[in-house]
Structure formats: C-alpha cells, structure tokens
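**Student:** The file below is my_file_11.cif, mmCIF, C-alpha atoms:
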```cif
data_start
#
loop_
_atom_site.label_atom_id
_atom_site.label_comp_id
_atom_site.auth_asym_id
_atom_site.auth_seq_id
_atom_site.Cartn_x
_atom_site.Cartn_y
_atom_site.Cartn_z
CA MET A 1 -11.16 -17.70 -30.02
CA ARG A 2 -7.71 -19.07 -29.38
CA GLU A 3 -6.28 -17.34 -32.40
CA SER A 4 -7.43 -13.94 -31.26
CA ARG A 5 -5.87 -14.36 -27.86
CA GLU A 6 -2.56 -15.28 -29.38
CA SER A 7 -2.49 -12.35 -31.76
CA GLY A 8 -3.16 -10.07 -28.84
CA GLY A 9 0.40 -10.70 -27.64
CA ARG A 10 3.00 -7.98 -27.61
CA GLY A 11 4.98 -7.25 -30.71
CA GLN A 12 8.37 -8.04 -29.29
CA ASP A 13 7.36 -11.58 -28.44
CA ARG A 14 6.72 -12.39 -32.05
CA GLY A 15 10.18 -13.82 -32.65
CA ARG A 16 9.88 -16.26 -29.78
CA LYS A 17 6.44 -17.40 -30.74
CA LYS A 18 7.57 -20.59 -32.41
CA GLN A 19 9.45 -21.97 -29.44
CA TYR A 20 6.66 -20.91 -27.22
CA LYS A 21 4.05 -22.76 -29.20
CA LYS A 22 5.83 -26.04 -28.72
CA LYS A 23 5.88 -25.80 -24.96
CA PHE A 24 2.49 -24.30 -24.19
CA LEU A 25 -0.15 -24.28 -26.85
CA PHE A 26 -1.37 -20.75 -27.52
CA ARG A 27 -0.51 -19.07 -24.28
CA LYS A 28 0.20 -15.38 -23.95
CA LYS A 29 3.64 -14.55 -22.67
CA LYS A 30 3.51 -13.24 -19.14
CA PHE A 31 5.40 -10.14 -18.13
CA CYS A 32 5.95 -8.19 -14.98
CA LYS A 33 3.55 -5.25 -14.90
CA PHE A 34 5.81 -3.25 -12.63
CA CYS A 35 8.84 -3.64 -14.88
CA ASP A 36 6.71 -2.73 -17.85
CA GLU A 37 5.39 0.44 -16.21
CA LYS A 38 8.81 1.17 -14.66
CA ILE A 39 7.42 1.39 -11.16
CA LYS A 40 10.28 1.32 -8.69
CA PHE A 41 8.47 1.79 -5.43
CA ILE A 42 5.26 0.06 -4.43
CA ASP A 43 3.40 2.06 -1.82
CA TYR A 44 1.38 0.28 0.85
CA LYS A 45 -1.04 3.23 0.79
CA ASP A 46 -1.99 2.63 -2.82
CA VAL A 47 -5.01 0.50 -2.03
CA ARG A 48 -6.38 0.32 -5.54
CA LEU A 49 -3.12 -1.05 -6.89
CA LEU A 50 -2.77 -3.62 -4.11
CA GLN A 51 -6.36 -4.77 -4.52
CA ALA A 52 -5.62 -5.73 -8.09
CA PHE A 53 -3.09 -8.22 -6.71
CA THR A 54 -5.28 -9.62 -3.93
CA PRO A 55 -8.32 -10.97 -5.75
CA GLU A 56 -11.40 -12.67 -4.26
CA ARG A 57 -10.10 -14.47 -1.19
CA ALA A 58 -7.70 -11.58 -0.54
CA LYS A 59 -4.70 -13.84 -1.00
CA ILE A 60 -1.60 -12.49 -2.66
CA PHE A 61 -1.71 -13.30 -6.35
CA PRO A 62 1.03 -15.89 -6.97
CA ARG A 63 3.92 -15.05 -9.20
CA ARG A 64 3.43 -18.04 -11.44
CA ILE A 65 0.05 -16.65 -12.47
CA ALA A 66 0.55 -12.90 -12.21
CA GLY A 67 3.92 -13.01 -13.99
CA THR A 68 5.48 -10.47 -11.62
CA CYS A 69 9.27 -10.67 -11.41
CA SER A 70 10.78 -11.79 -8.12
CA LYS A 71 12.11 -8.35 -7.28
CA HIS A 72 8.75 -6.68 -7.63
CA GLN A 73 6.85 -9.57 -6.08
CA ARG A 74 8.90 -9.16 -2.90
CA LYS A 75 8.16 -5.45 -2.79
CA LEU A 76 4.51 -6.09 -3.52
CA MET A 77 4.37 -8.65 -0.72
CA GLN A 78 5.86 -6.17 1.73
CA ALA A 79 3.38 -3.48 0.70
CA ILE A 80 0.39 -5.84 0.94
CA LYS A 81 1.40 -7.00 4.40
CA ARG A 82 1.76 -3.42 5.60
CA ALA A 83 -1.61 -2.44 4.17
CA ARG A 84 -3.18 -5.43 5.92
CA ILE A 85 -1.86 -4.31 9.30
CA LEU A 86 -3.48 -0.92 8.78
CA ALA A 87 -6.80 -2.51 7.80
CA LEU A 88 -6.63 -0.96 4.35
CA ILE A 89 -7.05 -4.36 2.69
CA PRO A 90 -8.38 -7.53 4.33
CA PHE A 91 -6.39 -10.56 5.48
CA THR A 92 -9.24 -12.81 4.33
CA SER A 93 -12.47 -12.13 2.52
CA ASP A 94 -14.74 -13.76 5.10
CA MET B 1 18.49 11.48 11.60
CA LEU B 2 16.29 9.33 9.49
CA GLN B 3 12.93 9.83 7.94
CA TYR B 4 10.01 7.83 9.19
CA GLU B 5 6.40 7.61 8.30
CA THR B 6 3.81 6.70 10.85
CA VAL B 7 0.12 6.02 10.36
CA PHE B 8 -2.31 5.68 13.20
CA ILE B 9 -5.98 4.85 13.32
CA ALA B 10 -7.98 6.69 15.95
CA ASP B 11 -11.33 5.73 17.37
CA PRO B 12 -14.19 6.93 15.11
CA THR B 13 -15.82 8.70 18.06
CA TYR B 14 -13.12 11.37 17.94
CA THR B 15 -14.32 14.77 16.74
CA ASP B 16 -12.34 16.82 14.24
CA GLU B 17 -11.07 19.17 16.93
CA GLU B 18 -9.99 16.28 19.12
CA VAL B 19 -8.05 14.78 16.24
CA ASP B 20 -6.31 18.10 15.60
CA GLU B 21 -5.43 18.29 19.27
CA LEU B 22 -4.11 14.75 19.21
CA ILE B 23 -1.91 15.53 16.21
CA LYS B 24 -0.67 18.70 17.84
CA GLY B 25 0.24 16.73 20.93
CA TYR B 26 2.30 14.27 18.93
CA GLU B 27 3.95 17.05 16.97
CA GLN B 28 5.07 18.62 20.22
CA VAL B 29 6.62 15.32 21.26
CA VAL B 30 8.48 15.20 17.95
CA THR B 31 9.82 18.74 18.08
CA GLY B 32 10.60 18.32 21.78
CA ALA B 33 12.91 15.42 20.98
CA GLY B 34 14.74 17.38 18.30
CA GLY B 35 12.88 16.00 15.31
CA LYS B 36 10.60 17.73 12.90
CA SER B 37 7.42 16.75 11.15
CA LEU B 38 7.62 16.98 7.38
CA LYS B 39 4.08 16.17 6.44
CA ILE B 40 0.74 15.55 8.09
CA GLU B 41 -2.12 14.01 6.20
CA LYS B 42 -5.58 13.45 7.56
CA TRP B 43 -7.33 10.81 5.53
CA GLY B 44 -10.46 11.22 7.59
CA LYS B 45 -12.92 8.51 8.47
CA ARG B 46 -12.44 5.34 6.50
CA ARG B 47 -14.08 1.95 6.58
CA LEU B 48 -11.75 -0.66 8.05
CA ALA B 49 -11.15 -3.80 6.02
CA TYR B 50 -11.83 -5.82 9.16
CA SER B 51 -13.18 -4.77 12.52
CA ILE B 52 -10.67 -3.71 15.15
CA ARG B 53 -12.00 -3.82 18.71
CA HIS B 54 -15.56 -3.92 17.37
CA ASN B 55 -15.04 -0.78 15.32
CA GLU B 56 -15.98 -0.82 11.66
CA GLU B 57 -14.55 2.61 10.96
CA GLY B 58 -11.48 4.54 11.96
CA ILE B 59 -9.89 7.94 11.56
CA TYR B 60 -6.61 7.68 9.71
CA VAL B 61 -3.73 10.10 10.19
CA LEU B 62 -0.36 9.94 8.46
CA MET B 63 2.69 11.73 9.82
CA THR B 64 6.03 11.91 8.06
CA LEU B 65 8.86 12.71 10.43
CA GLU B 66 12.55 13.32 10.52
CA CYS B 67 13.69 12.27 13.92
CA PRO B 68 16.15 10.20 15.94
CA ALA B 69 15.32 6.49 16.22
CA SER B 70 14.60 6.79 19.92
CA LEU B 71 11.61 8.98 19.16
CA VAL B 72 9.92 6.24 17.15
CA LYS B 73 10.01 4.12 20.27
CA GLU B 74 8.63 6.96 22.34
CA LEU B 75 5.78 7.56 19.91
CA ASP B 76 5.04 3.85 19.89
CA ARG B 77 4.79 3.95 23.68
CA ARG B 78 2.42 6.89 23.54
CA PHE B 79 0.22 5.28 20.91
CA ARG B 80 -0.04 2.19 23.07
CA MET B 81 -0.96 4.20 26.11
CA ASN B 82 -3.92 5.80 24.41
CA ASP B 83 -6.82 3.38 24.45
CA ARG B 84 -8.56 5.22 21.68
CA ILE B 85 -5.82 4.58 19.14
CA LEU B 86 -6.90 1.43 17.37
CA ARG B 87 -3.73 0.74 15.44
CA HIS B 88 -0.44 2.37 14.57
CA MET B 89 2.52 1.56 12.39
CA ALA B 90 5.82 3.32 11.74
CA VAL B 91 8.03 2.54 8.75
CA ARG B 92 11.21 3.99 7.34
CA VAL B 93 10.76 6.22 4.32
CA GLU B 94 12.29 4.19 1.51
CA SER B 95 11.54 6.38 -1.44
CA GLU B 96 11.26 10.09 -2.09
CA LEU B 97 7.83 9.29 -3.51
CA GLN B 98 6.64 8.82 0.05
CA LEU B 99 7.34 12.47 0.81
CA GLY B 100 4.86 13.77 -1.74
CA PRO B 101 1.11 13.51 -1.35
CA SER B 102 0.11 9.88 -0.82
CA PRO B 103 -2.26 7.97 -3.14
CA MET B 104 -4.95 8.48 -0.51
CA MET B 105 -5.03 12.19 -1.21
CA LYS B 106 -5.35 11.82 -4.95
CA PRO B 107 -8.75 12.15 -6.58
CA ARG B 108 -9.86 8.72 -7.57
CA PRO B 109 -8.89 7.25 -10.93
CA GLU B 110 -5.85 9.24 -11.90
CA ARG B 111 -3.53 6.30 -12.32
CA ASP B 112 -3.15 4.36 -15.47
CA GLU B 113 -6.25 2.22 -15.66
CA GLN B 114 -4.48 -0.66 -17.30
CA LEU B 115 -2.31 -1.36 -14.30
CA LEU B 116 -5.29 -1.57 -12.05
CA GLU B 117 -6.82 -4.42 -13.96
CA PRO B 118 -6.14 -7.73 -12.28
CA PRO B 119 -3.38 -9.67 -14.03
CA MET B 120 -4.73 -11.96 -16.70
CA MET B 121 -5.40 -15.55 -15.82
CA PRO B 122 -3.76 -18.07 -18.14
#
```
Would you write out, as structure tokens, the structure that this file holds?
**Tutor:**
Amino acid sequence: MRESRESGGRGQDRGRKKQYKKKFLFRKKKFCKFCDEKIKFIDYKDVRLLQAFTPERAKIFPRRIAGTCSKHQRKLMQAIKRARILALIPFTSD
Amino acid sequence: MLQYETVFIADPTYTDEEVDELIKGYEQVVTGAGGKSLKIEKWGKRRLAYSIRHNEEGIYVLMTLECPASLVKELDRRFRMNDRILRHMAVRVESELQLGPSPMMKPRPERDEQLLEPPMMP
C-alpha cells in the first residue's frame, strides 16, 4: 500500500527521494497545482475550481496541506473571498 | 480610463424583459458618463450559496466596463438605491482573461479534470 503511493510520485522527485525518506516516511512530495498547470490568473467566477479548494466545511484549504505556493495561495484566497461575497460559494457549510 | 468588471444579483422575481431593461438602464448611465461597456453576460437564474434577504435564487448579470473611476461610485449608488438588487460587486480587471467569456458561460467540464480534483491529503 505504502510502496504504491511512493512510486506514484513524479519523476523529477526521484533524486531527492533519499533525503525525503529520512524526514517523512513515505510521503509524496507536494507541489503547487497552479504553478504546475501554469495558471497565472485565478478567476473568482470559476466556481468549480474554487470548490476544489474549499472542501466540506467550505474553509479555504490550508497551504500546508494543499501544497499551493504562497503567491498562488494569496490569489486563490482573494478569488475565494470574492466568490463568497457573490454567493457563488458558501462561507460555511451549515 | 480603467477597466472594471461588475456583477450584480437581481431579485429572482424579475422577468427576462425587466432584466434587459435594467441592463439597458445601467448601460445608458455608463455611456452617459463617457464610459463604454465592453461585455455583458447574463448568467441567468442561479441558486445562491446562502440565502440573501430570504431569497434562495438570484439573477446574475456581469458587466465589463471601461469607464472613469467616478462612474463606479455612481453605479454603486444606483445599485444600492434599487431594493431589488440583492448584491453587487465591482472589481478592477486584472487580467486580459477576464475580457473573454467567463467560466460561467462555458459548457460544463471543459477544463482539465485533474485540476478540479481536491488536492491530495497527506
């Protein structure tokens, strides 16, 4: 189970695997999805995208878990807050 | 002059003709003040994520404008005066992507599916 998750990592991380193993046992390297997809502008109207980053309780997915870089997390935050004002996505789930 | 983008949510009791009239009215205000409207998008009736003034639905309209800053204030005043506008918001256009058709107008899953998956939990 663990092995399969590890081998699912991206090719370019392979060189760093050894160091990584020491610190966190078998954990996939996180990466910023927006950097990876080269998305420069995050639109507050893109509800489906924003919903992926506001799971369950409709809270903004924290950077430490999502792996988003600080630059994109700031833009994402701005977009989510704007979408909330326009009632496109909820402030809370209740 | 700068480019702005304003979205307003009208009361769901508005009919299609009334909405068109409303938009026309605002467009006149814009052109009257020396601005011009670049794009108008009617998203139609959408479910609100939370109720606003006991309404569960609202009619969304997006207007992209090129106008002097004073006009944004004027529009804001007008939106406030109309009791049947549930919510409005104006933002500066930050990217040329905002000038094209918005994600709302796209047929549903056109985007890369992978990005839409929630980020993986550790």
**Student:** Running the PyMOL selection byres ((chain A) within 8 of (chain B)) on this model by hand, what would come out? Give it as a PyMOL selection string.
**Tutor:** chain A and resi 27-28+33+41+43+45-46+48-49+52-53+55+65-66+85-90
**Student:** Pull out every residue that the PyMOL selection byres ((chain A and resi 42) around 7) matches in the shown coordinates and put them as a list of chain:residue names.
**Tutor:**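 In the shown coordinates, the PyMOL selection byres ((chain A and resi 42) around 7) covers A:Lys40, A:Phe41, A:Asp43, A:Tyr44, A:Lys75, A:Leu76, A:Ala79.
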**Student:** How many Å lie between atom CA of Met63 of chain B and atom CA of Phe91 of chain A, rounded to one decimal?
**Tutor:**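 So the two atoms, atom CA of Met63 of chain B and atom CA of Phe91 of chain A, lie 24.5 Å apart.
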**Student:** When you count all atoms listed in the file, which of these residues is closest to Asp94 of chain A: A:Cys69, A:Cys35, A:Ala58, A:Met77?
**Tutor:**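 Once distances to Asp94 of chain A are computed over all atoms listed in the file, the minimum belongs to A:Ala58.
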**Student:** Can you tell me which residues surround Gly100 of chain B at a distance of at most 12 Å, considering all atoms listed in the file, apart from same-chain residues fewer than 6 positions away, and format the answer as a list in words?
**Tutor:**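 Contacts, in chain order: Asp43 of chain A; Glu5, Leu38, Lys39, Ile40, Glu41, Met63, Thr64, Val93 and Lys106 of chain B.
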